[in-house]
$ cat work_11.txt   # compact mmCIF, C-alpha atoms and all ligand atoms
# COMPACT_ATOMS: atom_id res chain seq x y z
CA MET A 1 -11.25 -3.67 18.63
CA ALA A 2 -11.36 -2.67 22.28
CA LYS A 3 -7.68 -3.34 22.73
CA ILE A 4 -6.48 -0.84 20.14
CA ASP A 5 -5.07 2.32 21.69
CA PRO A 6 -6.06 5.28 19.51
CA GLN A 7 -3.03 7.20 20.81
CA LYS A 8 -0.64 4.61 19.41
CA LEU A 9 -2.20 4.07 16.03
CA PRO A 10 0.21 3.73 13.11
CA LYS A 11 -0.10 6.86 11.00
CA HIS A 12 0.67 4.98 7.82
CA ILE A 13 -0.02 1.31 7.15
CA ALA A 14 1.30 -0.38 4.00
CA ILE A 15 0.11 -3.80 2.90
CA ILE A 16 1.52 -6.36 0.46
CA MET A 17 -1.73 -8.07 -0.50
CA ASP A 18 -0.51 -11.52 -1.44
CA GLY A 19 -2.11 -14.93 -1.84
CA ASN A 20 -5.15 -14.42 -4.06
CA GLY A 21 -3.98 -17.17 -6.41
CA ARG A 22 -3.29 -19.68 -3.63
CA TRP A 23 -6.61 -18.88 -1.99
CA ALA A 24 -8.37 -19.69 -5.27
CA LYS A 25 -6.27 -22.77 -5.97
CA SER A 26 -7.07 -24.28 -2.59
CA ARG A 27 -10.75 -24.03 -3.54
CA SER A 28 -10.26 -25.26 -7.13
CA LEU A 29 -11.28 -21.84 -8.40
CA SER A 30 -9.61 -19.72 -11.07
CA ARG A 31 -6.98 -17.18 -9.98
CA ILE A 32 -9.36 -14.47 -11.18
CA LYS A 33 -11.90 -15.55 -8.54
CA GLY A 34 -9.13 -15.10 -6.00
CA HIS A 35 -8.57 -11.54 -7.16
CA GLU A 36 -12.31 -10.87 -7.00
CA GLU A 37 -12.49 -12.07 -3.42
CA GLY A 38 -9.33 -10.07 -2.72
CA ALA A 39 -11.16 -6.92 -3.82
CA ARG A 40 -13.71 -7.61 -1.05
CA SER A 41 -10.87 -7.69 1.46
CA VAL A 42 -9.68 -4.36 0.12
CA ARG A 43 -13.11 -2.88 0.79
CA ASP A 44 -13.20 -4.33 4.30
CA ILE A 45 -9.70 -3.14 5.22
CA VAL A 46 -10.28 0.35 3.80
CA ARG A 47 -13.48 0.66 5.84
CA ALA A 48 -11.86 -0.67 9.00
CA SER A 49 -8.90 1.69 8.58
CA ARG A 50 -11.15 4.68 8.23
CA GLU A 51 -13.25 3.64 11.23
CA ILE A 52 -10.29 3.46 13.58
CA GLY A 53 -8.71 6.65 12.24
CA VAL A 54 -5.72 5.51 10.18
CA GLN A 55 -4.58 8.47 8.09
CA TRP A 56 -2.56 6.77 5.37
CA LEU A 57 -3.22 3.33 3.89
CA THR A 58 -1.07 2.11 1.00
CA LEU A 59 -1.90 -1.12 -0.80
CA TYR A 60 0.46 -2.95 -3.14
CA ALA A 61 -1.91 -4.01 -5.91
CA PHE A 62 0.35 -4.56 -8.93
CA SER A 63 4.13 -4.65 -9.08
CA GLU A 64 6.39 -3.83 -12.03
CA GLU A 65 7.27 -7.52 -12.03
CA ASN A 66 3.59 -8.52 -12.22
CA TRP A 67 3.67 -7.51 -15.91
CA ARG A 68 5.28 -10.95 -16.38
CA ARG A 69 1.94 -12.64 -15.64
CA PRO A 70 -0.36 -14.10 -18.31
CA LYS A 71 -2.10 -11.43 -20.31
CA TYR A 72 -5.61 -12.56 -19.38
CA GLU A 73 -4.80 -12.32 -15.67
CA ILE A 74 -3.39 -8.81 -16.09
CA GLN A 75 -6.46 -7.76 -18.07
CA ALA A 76 -8.74 -9.18 -15.39
CA LEU A 77 -6.87 -7.18 -12.74
CA TRP A 78 -7.38 -3.91 -14.62
CA ARG A 79 -11.04 -4.75 -15.17
CA LEU A 80 -11.42 -5.38 -11.46
CA LEU A 81 -9.65 -2.13 -10.59
CA LYS A 82 -11.99 -0.13 -12.80
CA ARG A 83 -14.99 -1.82 -11.26
CA PHE A 84 -13.61 -1.17 -7.78
CA LEU A 85 -13.10 2.53 -8.44
CA GLN A 86 -16.67 2.83 -9.73
CA SER A 87 -18.26 0.92 -6.88
CA GLU A 88 -16.26 2.61 -4.13
CA LEU A 89 -16.42 6.24 -5.26
CA GLU A 90 -19.56 7.04 -3.32
CA GLU A 91 -18.18 5.56 -0.13
CA MET A 92 -14.86 7.36 -0.54
CA LEU A 93 -16.73 10.64 -0.89
CA GLN A 94 -18.93 9.96 2.13
CA ASN A 95 -16.02 8.91 4.31
CA GLY A 96 -13.54 11.64 3.45
CA ILE A 97 -11.15 9.30 1.65
CA ARG A 98 -8.70 10.81 -0.80
CA PHE A 99 -7.58 8.44 -3.56
CA HIS A 100 -3.97 8.42 -4.67
CA VAL A 101 -1.67 6.19 -6.75
CA ILE A 102 2.07 5.56 -6.97
CA GLY A 103 3.93 3.73 -9.73
CA ARG A 104 4.45 3.98 -13.46
CA ILE A 105 0.80 4.68 -14.12
CA TYR A 106 1.50 5.60 -17.77
CA LYS A 107 2.01 1.89 -18.46
CA LEU A 108 -1.61 1.05 -17.57
CA PRO A 109 -4.35 0.77 -20.22
CA LYS A 110 -5.65 4.21 -21.17
CA ASP A 111 -9.20 3.62 -19.92
CA VAL A 112 -7.88 2.56 -16.52
CA GLN A 113 -5.69 5.66 -16.37
CA LYS A 114 -8.75 7.77 -17.10
CA SER A 115 -10.75 6.13 -14.34
CA ILE A 116 -7.87 6.65 -11.90
CA LYS A 117 -7.54 10.29 -12.87
CA GLU A 118 -11.26 10.90 -12.38
CA THR A 119 -11.26 9.22 -8.98
CA ILE A 120 -8.26 11.28 -7.87
CA GLU A 121 -9.94 14.48 -9.00
CA LYS A 122 -13.30 13.72 -7.41
CA THR A 123 -11.78 12.78 -4.06
CA SER A 124 -9.01 15.39 -3.99
CA ALA A 125 -10.65 17.60 -1.35
CA ASN A 126 -11.09 14.74 1.13
CA LYS A 127 -8.96 14.96 4.22
CA ASP A 128 -9.63 12.11 6.62
CA MET A 129 -7.62 9.32 5.03
CA THR A 130 -5.48 8.85 1.94
CA LEU A 131 -5.86 5.52 0.20
CA THR A 132 -2.89 4.93 -2.08
CA LEU A 133 -2.72 2.06 -4.55
CA ALA A 134 0.72 1.02 -5.76
CA LEU A 135 0.17 0.13 -9.42
CA SER A 136 2.89 -0.89 -11.84
CA TYR A 137 5.02 -0.03 -8.85
CA GLY A 138 8.61 -1.09 -8.17
CA ALA A 139 10.81 0.43 -5.51
CA ARG A 140 13.99 0.10 -7.56
CA GLN A 141 12.30 1.78 -10.51
CA GLU A 142 11.12 4.51 -8.12
CA ILE A 143 14.70 5.04 -6.95
CA VAL A 144 15.92 5.18 -10.57
CA ASP A 145 13.24 7.79 -11.39
CA THR A 146 14.23 9.75 -8.28
CA VAL A 147 17.93 9.74 -9.10
CA GLU A 148 17.07 10.92 -12.61
CA LYS A 149 14.96 13.80 -11.27
CA ILE A 150 17.69 14.91 -8.88
CA ALA A 151 20.37 14.59 -11.57
CA THR A 152 18.29 16.88 -13.80
CA GLN A 153 18.03 19.45 -11.01
CA ILE A 154 21.81 19.37 -10.63
CA GLU A 155 22.38 19.54 -14.38
CA THR A 156 20.17 22.60 -14.75
CA GLY A 157 22.04 24.25 -11.90
CA ASN A 158 19.04 24.42 -9.53
CA ILE A 159 21.00 22.61 -6.84
CA GLY A 160 24.57 21.40 -6.32
CA SER A 161 25.63 17.83 -5.60
CA GLY A 162 26.29 18.88 -1.99
CA ASP A 163 22.59 19.63 -1.58
CA VAL A 164 21.59 15.98 -1.82
CA THR A 165 20.17 15.04 1.57
CA GLU A 166 17.80 12.38 2.87
CA ALA A 167 15.03 14.96 2.80
CA LEU A 168 15.73 15.82 -0.85
CA VAL A 169 15.65 12.16 -1.84
CA ALA A 170 12.38 11.65 0.06
CA GLU A 171 10.83 14.70 -1.65
CA ASN A 172 11.62 13.25 -5.06
CA LEU A 173 10.26 9.77 -4.47
CA TYR A 174 6.76 8.86 -5.70
CA THR A 175 5.76 9.11 -2.03
CA ALA A 176 6.72 12.80 -1.66
CA ASN A 177 4.54 14.34 1.08
CA MET A 178 3.60 10.96 2.52
CA PRO A 179 4.92 9.85 5.91
CA ASP A 180 6.93 6.62 5.97
CA PRO A 181 4.90 3.50 6.80
CA ASP A 182 4.94 2.60 10.50
CA LEU A 183 3.54 -0.85 9.89
CA LEU A 184 4.07 -3.14 6.90
CA ILE A 185 1.76 -6.14 6.62
CA ARG A 186 2.31 -9.05 4.22
CA THR A 187 -0.34 -11.72 3.83
CA SER A 188 0.16 -15.29 2.60
CA GLY A 189 3.31 -16.06 4.53
CA GLU A 190 6.18 -14.98 2.28
CA PHE A 191 9.05 -13.34 4.17
CA ARG A 192 10.05 -10.94 1.42
CA ILE A 193 9.51 -7.38 0.31
CA SER A 194 9.05 -8.01 -3.44
CA ASN A 195 10.33 -4.57 -4.45
CA PHE A 196 7.87 -2.58 -2.30
CA LEU A 197 8.78 0.83 -0.78
CA LEU A 198 12.43 -0.07 -0.12
CA TRP A 199 13.46 3.39 1.02
CA GLN A 200 10.31 4.15 2.98
CA ILE A 201 10.17 1.00 5.13
CA ALA A 202 13.60 1.58 6.69
CA TYR A 203 12.03 1.59 10.18
CA ALA A 204 8.60 0.04 9.59
CA GLU A 205 7.41 -2.72 11.88
CA ILE A 206 6.81 -5.85 9.83
CA TYR A 207 3.87 -8.21 10.33
CA VAL A 208 3.67 -11.37 8.22
CA THR A 209 0.65 -13.63 8.41
CA PRO A 210 0.04 -16.97 6.66
CA THR A 211 -3.55 -15.88 5.93
CA HIS A 212 -4.20 -15.39 2.21
CA TRP A 213 -5.33 -11.89 1.29
CA PRO A 214 -8.96 -12.85 0.45
CA ASP A 215 -9.29 -14.19 4.02
CA PHE A 216 -7.59 -11.19 5.62
CA ARG A 217 -10.43 -9.20 7.10
CA ARG A 218 -10.88 -6.70 9.92
CA ASP A 219 -10.55 -9.19 12.80
CA GLU A 220 -7.05 -10.17 11.83
CA TYR A 221 -6.23 -6.61 10.83
CA PHE A 222 -7.05 -5.47 14.35
CA MET A 223 -4.91 -8.30 15.72
CA ALA A 224 -2.01 -7.01 13.62
CA LEU A 225 -2.58 -3.54 15.06
CA GLU A 226 -2.59 -4.91 18.60
CA GLU A 227 0.68 -6.68 17.91
CA TYR A 228 2.12 -3.47 16.47
CA GLN A 229 1.18 -1.63 19.64
CA ARG A 230 3.03 -4.18 21.76
CA ARG A 231 6.29 -3.58 19.88
CA GLU A 232 8.94 -1.22 21.15
CA ARG A 233 10.17 1.06 18.38
CA ARG A 234 13.70 2.08 19.26
CA PHE A 235 15.01 3.74 16.08
CA GLY A 236 18.55 2.86 17.05
CA ALA A 237 18.32 4.06 20.67
CA THR A 238 18.41 1.75 23.70
CA GLY A 239 15.31 0.34 25.38
CA ASP A 240 16.09 2.41 28.50
CA GLN A 241 16.27 5.61 26.49
CA VAL A 242 12.91 4.85 24.90
CA ALA A 243 11.35 4.10 28.32
CA ARG A 244 12.67 7.37 29.74
CA LYS A 245 11.28 9.35 26.81
CA ARG A 246 7.88 7.78 27.31
CA LYS A 247 7.63 9.03 30.92
C1 LIG N 301 -1.66 -11.03 -4.91
O1 LIG N 301 -2.00 -12.35 -5.05
C2 LIG N 301 -2.27 -10.14 -5.98
C3 LIG N 301 -1.31 -9.64 -6.99
C4 LIG N 301 -0.02 -9.78 -6.95
C5 LIG N 301 -1.88 -8.91 -8.10
P1 LIG N 301 -1.21 -13.30 -6.03
O2 LIG N 301 -1.91 -13.26 -7.35
O3 LIG N 301 0.23 -13.00 -6.05
O4 LIG N 301 -1.47 -14.71 -5.33
P2 LIG N 301 -0.46 -15.91 -5.20
O5 LIG N 301 0.80 -15.37 -4.60
O6 LIG N 301 -0.24 -16.45 -6.57
O7 LIG N 301 -1.15 -16.87 -4.29
C1 LIG N 302 3.82 -8.89 -4.49
O1 LIG N 302 3.24 -10.11 -4.70
C2 LIG N 302 3.14 -7.85 -5.33
C3 LIG N 302 1.78 -7.52 -4.94
C4 LIG N 302 1.16 -7.95 -3.88
C5 LIG N 302 1.12 -6.62 -5.82
P1 LIG N 302 3.86 -11.15 -5.74
O2 LIG N 302 3.01 -12.36 -5.67
O3 LIG N 302 4.02 -10.53 -7.07
O4 LIG N 302 5.29 -11.39 -5.11
P2 LIG N 302 6.34 -12.56 -5.35
O5 LIG N 302 6.50 -12.71 -6.83
O6 LIG N 302 5.78 -13.80 -4.73
O7 LIG N 302 7.57 -12.08 -4.66
MG MG N 303 1.83 -13.69 -4.99
$ encode --input "work_11.txt" --output "structure tokens"
Amino acid sequence: MAKIDPQKLPKHIAIIMDGNGRWAKSRSLSRIKGHEEGARSVRDIVRASREIGVQWLTLYAFSEENWRRPKYEIQALWRLLKRFLQSELEEMLQNGIRFHVIGRIYKLPKDVQKSIKETIEKTSANKDMTLTLALSYGARQEIVDTVEKIATQIETGNIGSGDVTEALVAENLYTANMPDPDLLIRTSGEFRISNFLLWQIAYAEIYVTPTHWPDFRRDEYFMALEEYQRRERRFGATGDQVARKRK
């Protein structure tokens, strides 16, 4: 941990938590066991993030496309989520963690929605870190919902079509009021985005590791942060310009 510069910490880290199934398969366990172990990684990474002072942590837990999975696996995931929210509430309250969700939450089972709502309410005054779970989340669906919202504002005459700016789009995404991720981590080796935060990751640094999510714990997380801090973020400018600005 010593090598992490607190001045250069990513403000927002987003993680595609992949590989629970493969982790389980390699141990001849059921996929559900993989998700259970994955929940332990979630706890570890949330704690580690809070300890080093990350302000925004967003975890991709269930995609819109994941509804295609077998029903028993989906049910097990919701059961696990409920259990997680119950077991972590106390720690979230003690550590100043605000809980938040993005996605088409209305598609989740009612009892899970209730649990989410309660956790959001109970942690709403916390200010040190926002933990966002992406649930029934798809970036294309988010963009569709955003376009619809903006179209309605134009239709009702609140704004004109000339008022559509990057800022207006950003304000109407599910992630309104959240900064864009600086660092995007994907575990389990796949070099793809799988419909996660397409708009928001325009300039995120990407870190892909072959480690399956249940094995991704704080040591490797800190390694990812060290690697992030070695990168030069240019945002379209030249390396010389960036160096001059740093001085
Ligand atoms: C990630 O692990 C968890 C979810 C998508 C819910 P996977 O379940 O996708 O694991 P693999 O990719 O099959 O190994
Ligand atoms: C991405 O993982 C979604 C989550 C981590 C929740 P998937 O396992 O669903 O992604 P693909 O299908 O391999 O692209
Ligand atoms: Mg997967």
$ closest_atom_pairs --input "work_11.txt" --of "chain A" --to "ligand MG 303 (chain N)" --cutoff "7 Å" --atoms "all atoms listed in the file" --output "CSV"
residue,atom,partner,partner_atom,distance
A:Asp18,CA,N:MG303,MG,4.8
A:Gly19,CA,N:MG303,MG,5.2
A:Gly21,CA,N:MG303,MG,6.9
$ atom_distance --input "work_11.txt" --atom1 "atom CA of Thr146 of chain A" --atom2 "atom CA of Met178 of chain A"
15.2 Å
$ residues_near_ligand --input "work_11.txt" --ligand "ligand LIG 302 (chain N)" --cutoff "10 Å" --atoms "all atoms listed in the file" --output "mmCIF file with C-alpha atoms, in the frame of the given file"
data_model
loop_
_atom_site.group_PDB
_atom_site.id
_atom_site.type_symbol
_atom_site.label_atom_id
_atom_site.label_comp_id
_atom_site.auth_asym_id
_atom_site.auth_seq_id
_atom_site.Cartn_x
_atom_site.Cartn_y
_atom_site.Cartn_z
ATOM 1 C CA ILE A 15 0.110 -3.800 2.900
ATOM 2 C CA ILE A 16 1.520 -6.360 0.460
ATOM 3 C CA MET A 17 -1.730 -8.070 -0.500
ATOM 4 C CA ASP A 18 -0.510 -11.520 -1.440
ATOM 5 C CA GLY A 19 -2.110 -14.930 -1.840
ATOM 6 C CA ASN A 20 -5.150 -14.420 -4.060
ATOM 7 C CA GLY A 21 -3.980 -17.170 -6.410
ATOM 8 C CA ARG A 22 -3.290 -19.680 -3.630
ATOM 9 C CA LEU A 59 -1.900 -1.120 -0.800
ATOM 10 C CA TYR A 60 0.460 -2.950 -3.140
ATOM 11 C CA ALA A 61 -1.910 -4.010 -5.910
ATOM 12 C CA PHE A 62 0.350 -4.560 -8.930
ATOM 13 C CA SER A 63 4.130 -4.650 -9.080
ATOM 14 C CA GLU A 64 6.390 -3.830 -12.030
ATOM 15 C CA GLU A 65 7.270 -7.520 -12.030
ATOM 16 C CA ASN A 66 3.590 -8.520 -12.220
ATOM 17 C CA TRP A 67 3.670 -7.510 -15.910
ATOM 18 C CA ARG A 68 5.280 -10.950 -16.380
ATOM 19 C CA ARG A 69 1.940 -12.640 -15.640
ATOM 20 C CA LEU A 133 -2.720 2.060 -4.550
ATOM 21 C CA ALA A 134 0.720 1.020 -5.760
ATOM 22 C CA LEU A 135 0.170 0.130 -9.420
ATOM 23 C CA SER A 136 2.890 -0.890 -11.840
ATOM 24 C CA TYR A 137 5.020 -0.030 -8.850
ATOM 25 C CA GLY A 138 8.610 -1.090 -8.170
ATOM 26 C CA ARG A 186 2.310 -9.050 4.220
ATOM 27 C CA THR A 187 -0.340 -11.720 3.830
ATOM 28 C CA SER A 188 0.160 -15.290 2.600
ATOM 29 C CA GLY A 189 3.310 -16.060 4.530
ATOM 30 C CA GLU A 190 6.180 -14.980 2.280
ATOM 31 C CA PHE A 191 9.050 -13.340 4.170
ATOM 32 C CA ARG A 192 10.050 -10.940 1.420
ATOM 33 C CA ILE A 193 9.510 -7.380 0.310
ATOM 34 C CA SER A 194 9.050 -8.010 -3.440
ATOM 35 C CA ASN A 195 10.330 -4.570 -4.450
ATOM 36 C CA PHE A 196 7.870 -2.580 -2.300
ATOM 37 C CA TRP A 213 -5.330 -11.890 1.290
#
$ closest_residue --input "work_11.txt" --among "A:Val101, A:Ala76, A:Ile206, A:Val46" --to "ligand LIG 301 (chain N)" --atoms "all atoms listed in the file"
A:Ala76
$ closest_residue --input "work_11.txt" --among "A:Tyr203, A:Tyr221, A:Phe235, A:Phe216" --to "Ala39 of chain A" --atoms "all atoms listed in the file"
A:Phe216
$ axis_aligned_box --input "work_11.txt" --around "segment 29-47 of chain A" --padding-each-side "8 Å" --output "lines of an AutoDock Vina configuration file"
center_x = -10.3
center_y = -10.6
center_z = -2.7
size_x = 22.7
size_y = 38.5
size_z = 33.0
$ residues_around --input "work_11.txt" --residues "Glu232 of chain A" --least-positions-apart "4" --cutoff "9 Å" --atoms "all atoms listed in the file" --output "list in words"
Tyr228, Gly239 and Val242 of chain A
$ closest_residue --input "work_11.txt" --among "A:Thr211, A:Gln113, A:Thr58, A:Asn172" --to "Leu131 of chain A" --atoms "all atoms listed in the file"
A:Thr58
$ closest_residue --input "work_11.txt" --among "A:Glu227, A:Glu73, A:Asp44, A:Glu166" --to "ligand LIG 301 (chain N)" --atoms "all atoms listed in the file"
A:Glu73
$ atom_distance --input "work_11.txt" --atom1 "atom O6 of ligand LIG 301 (chain N)" --atom2 "atom CA of Trp23 of chain A"
8.2 Å
$ closest_residue --input "work_11.txt" --among "A:His35, A:Arg43, A:Arg244, A:Arg79" --to "ligand LIG 301 (chain N)" --atoms "only C-alpha atoms and all ligand atoms"
A:His35
$ closest_residue --input "work_11.txt" --among "A:Ala151, A:Ala14, A:Thr130, A:Gln229" --to "Leu198 of chain A" --atoms "all atoms listed in the file"
A:Ala14
$ residues_around --input "work_11.txt" --residues "Val169 of chain A" --least-positions-apart "6" --cutoff "10 Å" --atoms "all atoms listed in the file" --output "list in words"
Ile143, Thr146, Val147, Lys149, Ile150, Ala176 and Trp199 of chain A
$ write_last_selection --input "work_11.txt" --atoms "C-alpha atoms" --output "compact mmCIF listing (two decimals), in the frame of the given file"
# COMPACT_ATOMS: atom_id res chain seq x y z
CA ILE A 143 14.70 5.04 -6.95
CA THR A 146 14.23 9.75 -8.28
CA VAL A 147 17.93 9.74 -9.10
CA LYS A 149 14.96 13.80 -11.27
CA ILE A 150 17.69 14.91 -8.88
CA ALA A 176 6.72 12.80 -1.66
CA TRP A 199 13.46 3.39 1.02
$ atom_distance --input "work_11.txt" --atom1 "atom CA of Gln7 of chain A" --atom2 "atom CA of Val54 of chain A"
11.1 Å
$ residues_around --input "work_11.txt" --residues "Gln94 of chain A" --least-positions-apart "6" --cutoff "12 Å" --atoms "only C-alpha atoms" --output "ChimeraX atom specification"
/A:47,50,88,122-123,125-129
$ residues_around --input "work_11.txt" --residues "Ile120 of chain A" --least-positions-apart "3" --cutoff "7 Å" --atoms "all atoms listed in the file" --output "ChimeraX atom specification"
/A:99-100,116-117,123-124
$ residues_around --input "work_11.txt" --residues "Pro6 of chain A" --least-positions-apart "2" --cutoff "8 Å" --atoms "all atoms listed in the file" --output "ChimeraX atom specification"
/A:4,8-9,52-53
